[in-house]
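Trainee: One structure coming up, written as C-alpha cells, with questions to follow.
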Amino acid sequence: MKKNFSLCSFAVLSSIILMFYVLISFYIDYTNFNQEKYSESSFLIKIIVLGVLFAIIASIFVLFKVYKKNYIEKELKQRTENILNENETLKIYSHIDPLTQCLNEKFFMERFKEEFKRAIREKQYISLFIVNIDEFKAFNDIYGRDEGNECLKLIANILVNHCNRPTDLVSRFTGDEFYVLLPNTKDSKPVSNNCVNSVKSLNIPHDNSIASNVLTISIGTSYILPVHPDQINDLIANAKSSLKVAKIGGRNRVQ
C-alpha cells in the first residue's frame with residue numbers, strides 16, 4: 001500500500017513537470033515561430049529546462065521520502081513508548097488495591113514470602129499485624145457504602161503513614177481487613193497502638209458500634225524469629241488469633 005502511494009506520488013509529480021515542460025516548449029516554439037527562426041540553441045534550452053525540472057522533481061521526491069521515513073520512525077518510537085508506559089501502568093495497577101492504593105492480597109503474599117525467606121537467611125524477627133474495622137457492616141448499613149469506602153481510604157492512609165519504612169508492607173485484603181508486615185521487627189504493638197489511636201482521633205461518628213460512638217479498629221499482632229518457610233502459616237494464624245482476642249475483649253484495642 002505504501003509502495004503504491006509512493007509510485008502514485010511520483011507519477012503525479014512527473015505529470016506536473018511534463019506539463020510545465022510542454023508549456024515552456026510550446027512558448028519557445030511559438031516565440032521562435034514569430035521570429036521566423038529556430039536554432040540549436042532553442043533545442044538546447046528545452047533540454048536544459050527539462051533536465052532542471054526533472055532535477056527539481058527528483059529533489060522533491062527524495063526530500064519527501066526522507067520526511068516520510070523520519071515521520072514513520074518518530075511515530076513508531078512514540079507508539080513504542082506509549083505501549084511501554086501502558087504496560088508499566090498495568091503492572092503497577094495489578095499490584096495495588098484500586099480503592100485504598102495499598103498492596104492487594106496477591107502481591108502482598110508474594111512479597112510476604114520473600115521477606116520471610118530473607119528473615120530466615122539473616123536471622124531476623126518479622127512481625128505481622130492484622131487490622132479489622134469494628135462493626136464495619138453496621139457502619140455501612142447506617143451511613144452507606146460511599147461513606148464506608150471513604151473510611152477505608154482514611155484508615156489505609158493512617159496505616160501507611162505509621163508503617164512507612166521502605167520494607168514495611170501494607171495491604172488491604174477482602175472487605176475491611178488489612179495486613180501489615182514489619183520486617184526486622186519484634187514488637188509491633190507500639191506502632192499498632194498508634195494506628196488505633198489515630199483512627200479513633202478521626203472522630204468519625206458510628207452510632208451502631210458496641211466499641212465506641214466513633215469509628216474504631218481492632219488489631220491482632222504476631223511476631224516470630226523464623227527458621228523454616230512453613231512457619232509463615234504460624235505467623236498468620238497467631239495474628240488472627242490475637243485479633244479474635246482483641247474483639248472478644250471489647251474491640252478498639254491491640255492484642
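Each chain of the C-alpha cells is named A, B, ... in the order shown, its residues numbered from 1; ligands are numbered from 1 in display order.
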I'd like a table as CSV: residues in range 150-187 of chain A with an atom no more than 10 Å from range 129-139 of chain A, each row giving the shortest atom pair and its distance in Å to one decimal, only C-alpha atoms counted, sorted by chain and rising residue number.

Mentor:
residue,atom,partner,partner_atom,distance
A:Cys151,CA,A:Ile133,CA,9.3
A:Leu152,CA,A:Ile133,CA,8.7
A:Ile155,CA,A:Ile133,CA,8.8
A:Leu159,CA,A:Val131,CA,9.3
A:Val170,CA,A:Phe129,CA,9.8
A:Ser171,CA,A:Ile130,CA,9.7
A:Arg172,CA,A:Val131,CA,9.2
A:Phe173,CA,A:Ile130,CA,9.8
A:Gly175,CA,A:Phe136,CA,9.1
A:Asp176,CA,A:Ile133,CA,5.9
A:Glu177,CA,A:Asn132,CA,4.8
A:Phe178,CA,A:Val131,CA,4.9
A:Tyr179,CA,A:Ile130,CA,4.7
A:Val180,CA,A:Phe129,CA,5.4
A:Leu181,CA,A:Phe129,CA,6.7
A:Leu182,CA,A:Phe129,CA,8.3

Trainee: Run DSSP on the backbone and give me the residues of range 77-201 of chain A it puts in alpha helix (DSSP H), as a PyMOL selection string.

Mentor: chain A and resi 77-93+105-122+136-143+145-162+189-200

Trainee: Hey, can you check how far CA of Lys200 in chain A sits from CA of Asn164 in chain A?

Mentor: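 Answer for the CA of Lys200 in chain A to CA of Asn164 in chain A separation: 19.9 Å.
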
Trainee: With only C-alpha atoms as the basis for distance, which of A:Asp207, A:Asp168, A:Asp234, A:Asp187 is at the shortest distance from Arg111 in chain A?

Mentor: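 Residue with the minimum atom-to-atom distance to Arg111 in chain A: A:Asp168.
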
Trainee: So that I can check the surroundings of Thr174 in chain A, please list as a list in words every protein, DNA and RNA residue that reaches within 10 Å of it, counting only C-alpha atoms and ignoring chain neighbours fewer than 4 positions away.

Mentor: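 Surrounding residues, per the criterion: Asp97, Asn104, Glu105 and Phe178 of chain A.
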
Trainee: Between CA of Ser242 in chain A and CA of Val254 in chain A, what is the spacing in Å?

Mentor: 8.3 Å

Trainee: For CA of Gly144 in chain A and CA of Thr100 in chain A, quote the distance in Å rounded to one decimal.

Mentor: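 Between these atoms lies a distance of 17.4 Å.
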
Trainee: Here is a test: counting only C-alpha atoms, which residue of A:Leu154, A:Val191, A:Ile60, A:Val245 is nearest to Ile204 in chain A?

Mentor: A:Leu154

Trainee: As a count of residues only, please: every residue in range 147-241 of chain A that DSSP puts in strand (DSSP E or B).

Mentor: 21

Trainee: Excluding same-chain residues fewer than 3 positions from Ile236 in chain A, what lies within 10 Å of it counting only C-alpha atoms, as a PyMOL selection string?

Mentor: chain A and resi 127-130+179+220-223+231-233+239-242

Trainee: With N, CA, C and O atoms retained, write the just-selected residues as a CSV table (one decimal), in the first residue's frame.

Mentor:
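Just written: part-v2.csv:
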chain,number,residue,atom,x,y,z
A,127,SER,N,7.4,-9.3,62.0
A,127,SER,CA,6.1,-9.1,62.7
A,127,SER,C,5.0,-8.9,61.6
A,127,SER,O,5.2,-8.3,60.6
A,128,LEU,N,3.9,-9.3,62.1
A,128,LEU,CA,2.6,-9.2,61.2
A,128,LEU,C,1.5,-8.7,62.2
A,128,LEU,O,1.4,-9.2,63.3
A,129,PHE,N,0.8,-7.7,61.7
A,129,PHE,CA,-0.5,-7.4,62.4
A,129,PHE,C,-1.6,-7.2,61.5
A,129,PHE,O,-1.5,-6.7,60.3
A,130,ILE,N,-2.8,-7.7,61.9
A,130,ILE,CA,-4.0,-7.7,61.1
A,130,ILE,C,-5.0,-6.7,61.7
A,130,ILE,O,-5.2,-6.7,62.9
A,179,TYR,N,-3.7,-6.2,56.2
A,179,TYR,CA,-2.5,-7.0,56.7
A,179,TYR,C,-1.3,-6.0,56.6
A,179,TYR,O,-1.1,-5.4,55.6
A,220,GLY,N,-4.7,-7.4,65.7
A,220,GLY,CA,-4.1,-8.6,66.3
A,220,GLY,C,-2.7,-8.7,65.8
A,220,GLY,O,-2.4,-8.6,64.6
A,221,THR,N,-1.7,-8.8,66.7
A,221,THR,CA,-0.3,-8.8,66.4
A,221,THR,C,0.4,-10.2,66.6
A,221,THR,O,-0.1,-11.0,67.3
A,222,SER,N,1.5,-10.4,65.9
A,222,SER,CA,2.2,-11.6,66.0
A,222,SER,C,3.6,-11.4,65.5
A,222,SER,O,3.8,-10.5,64.6
A,223,TYR,N,4.6,-12.1,66.1
A,223,TYR,CA,6.0,-12.0,65.6
A,223,TYR,C,6.7,-13.3,65.7
A,223,TYR,O,6.2,-14.2,66.5
A,231,GLN,N,6.8,-21.8,58.7
A,231,GLN,CA,6.3,-21.0,59.8
A,231,GLN,C,5.6,-19.7,59.5
A,231,GLN,O,5.0,-19.1,60.4
A,232,ILE,N,5.5,-19.4,58.2
A,232,ILE,CA,4.7,-18.3,57.8
A,232,ILE,C,3.3,-18.5,58.1
A,232,ILE,O,2.6,-17.5,58.5
A,233,ASN,N,2.8,-19.7,58.1
A,233,ASN,CA,1.4,-20.0,58.4
A,233,ASN,C,1.2,-19.8,59.9
A,233,ASN,O,0.1,-19.4,60.3
A,239,ALA,N,-1.5,-14.1,64.4
A,239,ALA,CA,-2.1,-12.8,64.3
A,239,ALA,C,-3.6,-12.8,64.3
A,239,ALA,O,-4.3,-12.0,64.9
A,240,LYS,N,-4.2,-13.8,63.6
A,240,LYS,CA,-5.6,-14.0,63.5
A,240,LYS,C,-6.2,-14.3,64.9
A,240,LYS,O,-7.3,-13.8,65.3
A,241,SER,N,-5.5,-15.1,65.6
A,241,SER,CA,-5.9,-15.5,67.0
A,241,SER,C,-5.9,-14.3,67.9
A,241,SER,O,-6.8,-14.0,68.7
A,242,SER,N,-4.9,-13.4,67.8
A,242,SER,CA,-4.8,-12.2,68.6
A,242,SER,C,-5.9,-11.3,68.2
A,242,SER,O,-6.4,-10.6,69.1

Trainee: Extract, using only C-alpha atoms, all DNA, RNA and protein residues at most 12 Å from Ser198 in chain A, discarding same-chain residues fewer than 3 positions from it, and format them as a list in words.

Mentor: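 Counting only C-alpha atoms, the residues come to Leu154, Ile155, Ala156, Asn157, Ile158, Leu159, Val160, Asn161, His162, Val191, Ser192, Asn193, Asn194, Cys195, Ser201, Leu202, Asn203, Ile204, Val214, Leu215, Thr216, Ile217, Asn252 and Arg253 of chain A.
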
Trainee: Using only C-alpha atoms, which of A:Ala119, A:Cys102, A:Val196, A:Met109 sits nearest Lys153 in chain A?

Mentor: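 Answer, going by the shortest atom-to-atom distance: A:Cys102.
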